[in-house]
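To start, the structure under review is shown below, and the notes come after it.
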Amino acid sequence: MSIFNFFRAAPRASAVQAKERLQIVMAHERAGRSGPDYLPMLQQELLAVIAKYVNIDENKVEVKLDRGGDCSTLEVNIELPAREQAKAAATAKPGDKPAGNDDAAAKRPAGGAVGNAGAKKRI
Amino acid sequence: MSKIIVMTSGKGGVGKTTSSAAFATGLALRGFKTVVIDFDVGLRNLDLVMGCERRVVFDFINVINGEAKLNQALIKDKRIENLYILPTSQTRDKDALTREGVEKVLNELSKDFDYILCDSPAGIERGALMSLYFADHAIIVTNPEVSSVRDSDRILGVLNSRSRRAEQGLEPVTQQLLLTRYDPERVEKGEMLKVDDVLEILAIPLLGVIPESQAVLRASNVGMPVILDEVSNAGLAYSDAVGRFLGEDIEHRFVTPQKKGLFSRLLRRSA
Ligand SMILES: Nc1ncnc2c1ncn2[C@@H]1O[C@H](COP(=O)(O)OP(=O)(O)O)[C@@H](O)[C@H]1O
Ligand SMILES: [Mg+2]
């Protein structure tokens, strides 16, 4: 099934979905308008507390929010180092891909597969 | 004392300028002395839609800066008695819109006009804020589409918290919805939000529904507010909306698909 068929499969539903999505997101936005955005502060404070006990890498913290109709979930994922040693190794060698930063590495034009793909396109 | 109306939406390209031109013209046609002001500094367009682009000498910003007198910048419409346009600058940016400057110009216009209609730029930055700050009434221009509805809700929040009326604890800015580019056929197919859906979500009174119409482009091509196209659905819908704004009880038209016989199809095409 092509992506076009997917969109055509249920034409009746799309306006209904639009309405439902709007109702949910806007209920949250209206409620949040009065107060300040607390998520960045919450994240900082959580990190500060955890950092008291374990050594954490700031790049390995993931905060996810899923706004639902009846309830929302806030998910905080903090990757803890298996051993102190492992962490030291990852940060010591600047030439290596820094872990948790794969996106930036993939975008770099130089080197292996990525560079080749770029060259092919140009021909 | 005049009534200040802002035509606003948050989102761009939903029909604010089209609606401002139509509404101002409609009010003037009914005998009210009306001025329509372009607040979209840097992206002047109202003059084109109103068909007076070749007559712009001085603009709103010149008046704010004391570089020109208000009556030098006001352009009197050639077709309609009682209708004036205050164009904006193409070269300055929105920082030129100071609250004091805008207030001064609005106060001066107030002495002379029944209605001052402010055509807001998109966004919620200075230009949009200044266009709504002094408003007594807001017409929220919305398309039946998720991002437009959400942005309209944002603007309603701004009107209720950052307008002069809100800041000074006066009667709130009254608000009405103008749902534009409505396509009843797509609504019937379930592809587009219904009038009632949008009303339920935004919870403000309905001023009018303007159908998606080829007449709008034709009108802007020639610099004629579409309300003057009296055979087009969009023109008639704007006319009805102006009537409702003035308190008349007019039923909504063009919200259900029109029965299309071959004959009416031909008629519509030539209309
Ligand atoms: N009812 C309508 N039917 C068809 N096209 C429309 C309608 N209303 C507006 N448009 C078109 O949408 C575009 C944006 O309109 P405009 O009034 O400039 O929006 P805004 O001022 O909100 O940016 C224009 O090309 C205009 O011709
Ligand atoms: Mg505009």
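In the structure tokens, chains take the letters A, B, ... in the order shown, each chain's residues start at 1, and ligands count up from 1 in the order shown.
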Checklist entry - If you count only C-alpha atoms and all ligand atoms, which residues end up within 6 Å of ligand 2, as a ChimeraX atom specification? => result /B:16-17,121
Item to check | Close residues to ligand 1 using only C-alpha atoms and all ligand atoms, limit 8 Å, as a PyMOL selection string | outcome: chain B and resi 8-9+11-20+45+119-122+141+180-182+210-217+220+234
Put those residues in a file: N, CA and C atoms, as an mmCIF file, in the first residue's frame.
```
data_model
loop_
_atom_site.group_PDB
_atom_site.id
_atom_site.type_symbol
_atom_site.label_atom_id
_atom_site.label_comp_id
_atom_site.auth_asym_id
_atom_site.auth_seq_id
_atom_site.Cartn_x
_atom_site.Cartn_y
_atom_site.Cartn_z
ATOM 1 N N THR B 8 -7.572 40.067 12.742
ATOM 2 C CA THR B 8 -6.354 39.389 13.202
ATOM 3 C C THR B 8 -6.494 37.875 13.112
ATOM 4 N N SER B 9 -5.368 37.156 13.231
ATOM 5 C CA SER B 9 -5.441 35.696 13.050
ATOM 6 C C SER B 9 -4.268 34.913 13.624
ATOM 7 N N LYS B 11 -1.938 33.401 12.280
ATOM 8 C CA LYS B 11 -1.348 32.800 11.086
ATOM 9 C C LYS B 11 -1.417 33.743 9.873
ATOM 10 N N GLY B 12 -0.456 33.606 8.989
ATOM 11 C CA GLY B 12 -0.442 34.406 7.766
ATOM 12 C C GLY B 12 -1.209 33.722 6.640
ATOM 13 N N GLY B 13 -1.602 34.497 5.673
ATOM 14 C CA GLY B 13 -2.220 33.950 4.465
ATOM 15 C C GLY B 13 -3.612 33.380 4.639
ATOM 16 N N VAL B 14 -4.299 33.749 5.709
ATOM 17 C CA VAL B 14 -5.636 33.185 5.930
ATOM 18 C C VAL B 14 -6.747 34.078 5.383
ATOM 19 N N GLY B 15 -6.399 35.318 5.050
ATOM 20 C CA GLY B 15 -7.411 36.204 4.456
ATOM 21 C C GLY B 15 -7.685 37.484 5.243
ATOM 22 N N LYS B 16 -6.739 37.902 6.074
ATOM 23 C CA LYS B 16 -6.934 39.141 6.852
ATOM 24 C C LYS B 16 -7.037 40.368 5.942
ATOM 25 N N THR B 17 -6.095 40.478 5.010
ATOM 26 C CA THR B 17 -6.081 41.660 4.152
ATOM 27 C C THR B 17 -7.298 41.669 3.226
ATOM 28 N N THR B 18 -7.602 40.509 2.657
ATOM 29 C CA THR B 18 -8.799 40.365 1.833
ATOM 30 C C THR B 18 -10.035 40.785 2.627
ATOM 31 N N SER B 19 -10.111 40.311 3.868
ATOM 32 C CA SER B 19 -11.279 40.604 4.707
ATOM 33 C C SER B 19 -11.303 42.059 5.155
ATOM 34 N N SER B 20 -10.126 42.628 5.437
ATOM 35 C CA SER B 20 -10.069 44.034 5.844
ATOM 36 C C SER B 20 -10.592 44.922 4.731
ATOM 37 N N ASN B 45 0.545 45.587 1.427
ATOM 38 C CA ASN B 45 -0.297 44.878 0.463
ATOM 39 C C ASN B 45 -1.717 45.386 0.368
ATOM 40 N N ASP B 119 -5.686 46.284 9.837
ATOM 41 C CA ASP B 119 -5.318 45.025 9.183
ATOM 42 C C ASP B 119 -4.012 44.539 9.806
ATOM 43 N N SER B 120 -4.108 43.487 10.592
ATOM 44 C CA SER B 120 -2.941 43.001 11.338
ATOM 45 C C SER B 120 -1.993 42.185 10.459
ATOM 46 N N PRO B 121 -0.690 42.279 10.746
ATOM 47 C CA PRO B 121 0.234 41.330 10.110
ATOM 48 C C PRO B 121 0.120 39.982 10.808
ATOM 49 N N ALA B 122 0.765 38.965 10.228
ATOM 50 C CA ALA B 122 0.782 37.647 10.866
ATOM 51 C C ALA B 122 1.687 37.691 12.091
ATOM 52 N N VAL B 141 -9.894 36.012 11.993
ATOM 53 C CA VAL B 141 -9.971 35.374 10.672
ATOM 54 C C VAL B 141 -9.305 33.998 10.771
ATOM 55 N N THR B 180 -12.906 31.766 6.943
ATOM 56 C CA THR B 180 -12.733 32.038 5.518
ATOM 57 C C THR B 180 -12.152 30.833 4.783
ATOM 58 N N ARG B 181 -12.263 30.875 3.472
ATOM 59 C CA ARG B 181 -11.788 29.804 2.592
ATOM 60 C C ARG B 181 -12.462 28.476 2.919
ATOM 61 N N TYR B 182 -13.724 28.572 3.217
ATOM 62 C CA TYR B 182 -14.505 27.402 3.585
ATOM 63 C C TYR B 182 -14.966 26.685 2.328
ATOM 64 N N ILE B 210 -16.931 32.680 4.913
ATOM 65 C CA ILE B 210 -16.631 33.111 3.545
ATOM 66 C C ILE B 210 -16.162 31.888 2.762
ATOM 67 N N PRO B 211 -16.872 31.529 1.693
ATOM 68 C CA PRO B 211 -16.468 30.329 0.964
ATOM 69 C C PRO B 211 -15.170 30.540 0.201
ATOM 70 N N GLU B 212 -14.456 29.462 -0.014
ATOM 71 C CA GLU B 212 -13.330 29.472 -0.942
ATOM 72 C C GLU B 212 -13.893 29.890 -2.295
ATOM 73 N N SER B 213 -13.284 30.888 -2.914
ATOM 74 C CA SER B 213 -13.891 31.399 -4.138
ATOM 75 C C SER B 213 -12.849 31.980 -5.080
ATOM 76 N N GLN B 214 -13.019 31.650 -6.351
ATOM 77 C CA GLN B 214 -12.098 32.169 -7.356
ATOM 78 C C GLN B 214 -12.251 33.664 -7.540
ATOM 79 N N ALA B 215 -13.374 34.179 -7.079
ATOM 80 C CA ALA B 215 -13.625 35.614 -7.228
ATOM 81 C C ALA B 215 -12.611 36.439 -6.425
ATOM 82 N N VAL B 216 -12.067 35.846 -5.343
ATOM 83 C CA VAL B 216 -11.137 36.591 -4.492
ATOM 84 C C VAL B 216 -9.860 36.942 -5.261
ATOM 85 N N LEU B 217 -9.334 35.982 -5.972
ATOM 86 C CA LEU B 217 -8.125 36.239 -6.763
ATOM 87 C C LEU B 217 -8.416 37.220 -7.896
ATOM 88 N N SER B 220 -8.540 40.664 -6.428
ATOM 89 C CA SER B 220 -7.246 41.246 -6.056
ATOM 90 C C SER B 220 -6.405 41.539 -7.291
ATOM 91 N N ALA B 234 -18.334 34.838 -2.439
ATOM 92 C CA ALA B 234 -17.490 35.450 -1.414
ATOM 93 C C ALA B 234 -17.932 36.897 -1.167
#
```
Checklist entry - In stretch 70-190 of chain B, what's helix (DSSP H, G or I) per DSSP? Answer as a ChimeraX atom specification? => result /B:70-73,94-96,99-110,126-133,146-162,164-167,184-188
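Distance-wise, atom CA of B:Asp249 and atom CA of B:Leu206 end up 12.1 Å apart.
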Could you list, with a cut-off of 7 Å and counting only C-alpha atoms, the residues of chain B near chain A, each shown with its nearest atom pair and the distance in Å rounded to one decimal, rows sorted by chain and ascending number, as a Markdown table?
```
| residue | atom | partner | partner_atom | distance |
| --- | --- | --- | --- | --- |
| B:Val146 | CA | A:Ala18 | CA | 6.2 |
| B:Arg150 | CA | A:Met26 | CA | 7.0 |
| B:Lys189 | CA | A:Arg12 | CA | 6.1 |
| B:Gly190 | CA | A:Arg12 | CA | 4.3 |
| B:Glu191 | CA | A:Ala15 | CA | 5.1 |
| B:Met192 | CA | A:Ala15 | CA | 5.0 |
| B:Leu193 | CA | A:Ala15 | CA | 5.1 |
| B:Asp197 | CA | A:Lys19 | CA | 6.6 |
| B:Ile201 | CA | A:Gln23 | CA | 6.5 |
```
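Counting only C-alpha atoms, B:Ile75 has the following residues at most 10 Å away, ignoring those fewer than 6 positions along the same chain: Val35, Val36, Asp47, Cys52, Glu53, Arg55, Val56, Val57, Phe58, Asp59, Leu83, Tyr84, Ile85, Leu86 and Pro87 of chain B.
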Next on the checklist: Just the number, please: distance in Å from atom CA of B:Leu170 to atom CA of B:Met1, one decimal.
Outcome noted: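 About the pair atom CA of B:Leu170 and atom CA of B:Met1: they are 16.7 Å apart.
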Checklist entry - Hey, what does DSSP flag as strand (DSSP E or B) within stretch 22-115 of chain B? Can you give it to me as a ChimeraX atom specification? => result /B:34-38,75-76,83-86,115
Keeping all heavy atoms for every residue in the selection just given, could you write it to a file as a compact mmCIF listing (two decimals), in the first residue's frame?
```
# COMPACT_ATOMS: atom_id res chain seq x y z
N THR B 34 -15.23 55.32 7.15
CA THR B 34 -14.35 54.23 7.56
C THR B 34 -12.94 54.42 7.03
O THR B 34 -12.75 54.81 5.88
CB THR B 34 -14.91 52.89 7.00
OG1 THR B 34 -16.25 52.73 7.44
CG2 THR B 34 -14.08 51.71 7.47
N VAL B 35 -11.97 54.12 7.88
CA VAL B 35 -10.59 54.10 7.41
C VAL B 35 -10.00 52.72 7.70
O VAL B 35 -10.27 52.13 8.75
CB VAL B 35 -9.73 55.21 8.08
CG1 VAL B 35 -9.74 55.12 9.60
CG2 VAL B 35 -8.28 55.18 7.57
N VAL B 36 -9.25 52.20 6.76
CA VAL B 36 -8.59 50.91 6.97
C VAL B 36 -7.08 51.14 6.97
O VAL B 36 -6.53 51.79 6.08
CB VAL B 36 -9.07 49.85 5.94
CG1 VAL B 36 -8.88 50.31 4.51
CG2 VAL B 36 -8.38 48.50 6.17
N ILE B 37 -6.43 50.66 8.04
CA ILE B 37 -5.00 50.91 8.21
C ILE B 37 -4.19 49.62 8.03
O ILE B 37 -4.52 48.58 8.60
CB ILE B 37 -4.69 51.42 9.64
CG1 ILE B 37 -5.60 52.59 10.02
CG2 ILE B 37 -3.21 51.82 9.78
CD1 ILE B 37 -5.36 53.11 11.43
N ASP B 38 -3.15 49.71 7.25
CA ASP B 38 -2.25 48.57 7.04
C ASP B 38 -1.17 48.56 8.13
O ASP B 38 -0.33 49.45 8.19
CB ASP B 38 -1.61 48.69 5.65
CG ASP B 38 -0.89 47.42 5.23
OD1 ASP B 38 -0.66 46.55 6.10
OD2 ASP B 38 -0.56 47.30 4.04
N ILE B 75 -5.55 58.10 1.93
CA ILE B 75 -5.97 58.03 0.53
C ILE B 75 -7.47 57.82 0.49
O ILE B 75 -8.00 56.89 1.10
CB ILE B 75 -5.25 56.87 -0.19
CG1 ILE B 75 -3.74 57.10 -0.14
CG2 ILE B 75 -5.74 56.76 -1.63
CD1 ILE B 75 -2.94 55.98 -0.75
N LYS B 76 -8.13 58.70 -0.23
CA LYS B 76 -9.58 58.59 -0.35
C LYS B 76 -9.91 57.64 -1.48
O LYS B 76 -9.38 57.76 -2.57
CB LYS B 76 -10.16 59.98 -0.63
CG LYS B 76 -11.67 60.03 -0.64
CD LYS B 76 -12.14 61.47 -0.84
CE LYS B 76 -13.65 61.58 -0.98
NZ LYS B 76 -14.45 60.38 -1.04
N LEU B 83 -14.79 56.17 2.30
CA LEU B 83 -13.79 55.13 2.51
C LEU B 83 -12.37 55.68 2.31
O LEU B 83 -12.08 56.31 1.28
CB LEU B 83 -14.04 53.96 1.53
CG LEU B 83 -13.08 52.78 1.61
CD1 LEU B 83 -13.05 52.16 3.00
CD2 LEU B 83 -13.44 51.72 0.57
N TYR B 84 -11.52 55.43 3.30
CA TYR B 84 -10.14 55.92 3.26
C TYR B 84 -9.18 54.79 3.58
O TYR B 84 -9.50 53.88 4.34
CB TYR B 84 -9.94 57.06 4.27
CG TYR B 84 -10.70 58.32 3.88
CD1 TYR B 84 -12.08 58.41 4.10
CD2 TYR B 84 -10.04 59.38 3.27
CE1 TYR B 84 -12.78 59.55 3.73
CE2 TYR B 84 -10.73 60.53 2.90
CZ TYR B 84 -12.10 60.61 3.13
OH TYR B 84 -12.78 61.73 2.76
N ILE B 85 -7.98 54.90 3.03
CA ILE B 85 -6.95 53.89 3.27
C ILE B 85 -5.72 54.61 3.83
O ILE B 85 -5.31 55.65 3.31
CB ILE B 85 -6.55 53.17 1.95
CG1 ILE B 85 -7.77 52.47 1.34
CG2 ILE B 85 -5.45 52.15 2.20
CD1 ILE B 85 -8.27 53.14 0.09
N LEU B 86 -5.16 54.02 4.88
CA LEU B 86 -3.89 54.52 5.39
C LEU B 86 -2.85 53.43 5.14
O LEU B 86 -2.79 52.44 5.86
CB LEU B 86 -3.99 54.86 6.88
CG LEU B 86 -2.75 55.48 7.54
CD1 LEU B 86 -2.28 56.72 6.79
CD2 LEU B 86 -3.03 55.84 9.00
N TYR B 115 -15.56 54.19 11.92
CA TYR B 115 -14.84 52.93 12.13
C TYR B 115 -13.39 53.04 11.69
O TYR B 115 -13.09 53.58 10.63
CB TYR B 115 -15.50 51.79 11.34
CG TYR B 115 -16.81 51.37 11.95
CD1 TYR B 115 -18.02 51.75 11.36
CD2 TYR B 115 -16.86 50.61 13.12
CE1 TYR B 115 -19.24 51.38 11.93
CE2 TYR B 115 -18.06 50.23 13.69
CZ TYR B 115 -19.24 50.62 13.10
OH TYR B 115 -20.44 50.26 13.66
```
Next on the checklist: Just the number, please: distance in Å from atom CA of B:Leu236 to atom CA of B:Pro257, one decimal.
Outcome noted: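 According to the coordinates, atom CA of B:Leu236 and atom CA of B:Pro257 are separated by 15.9 Å.
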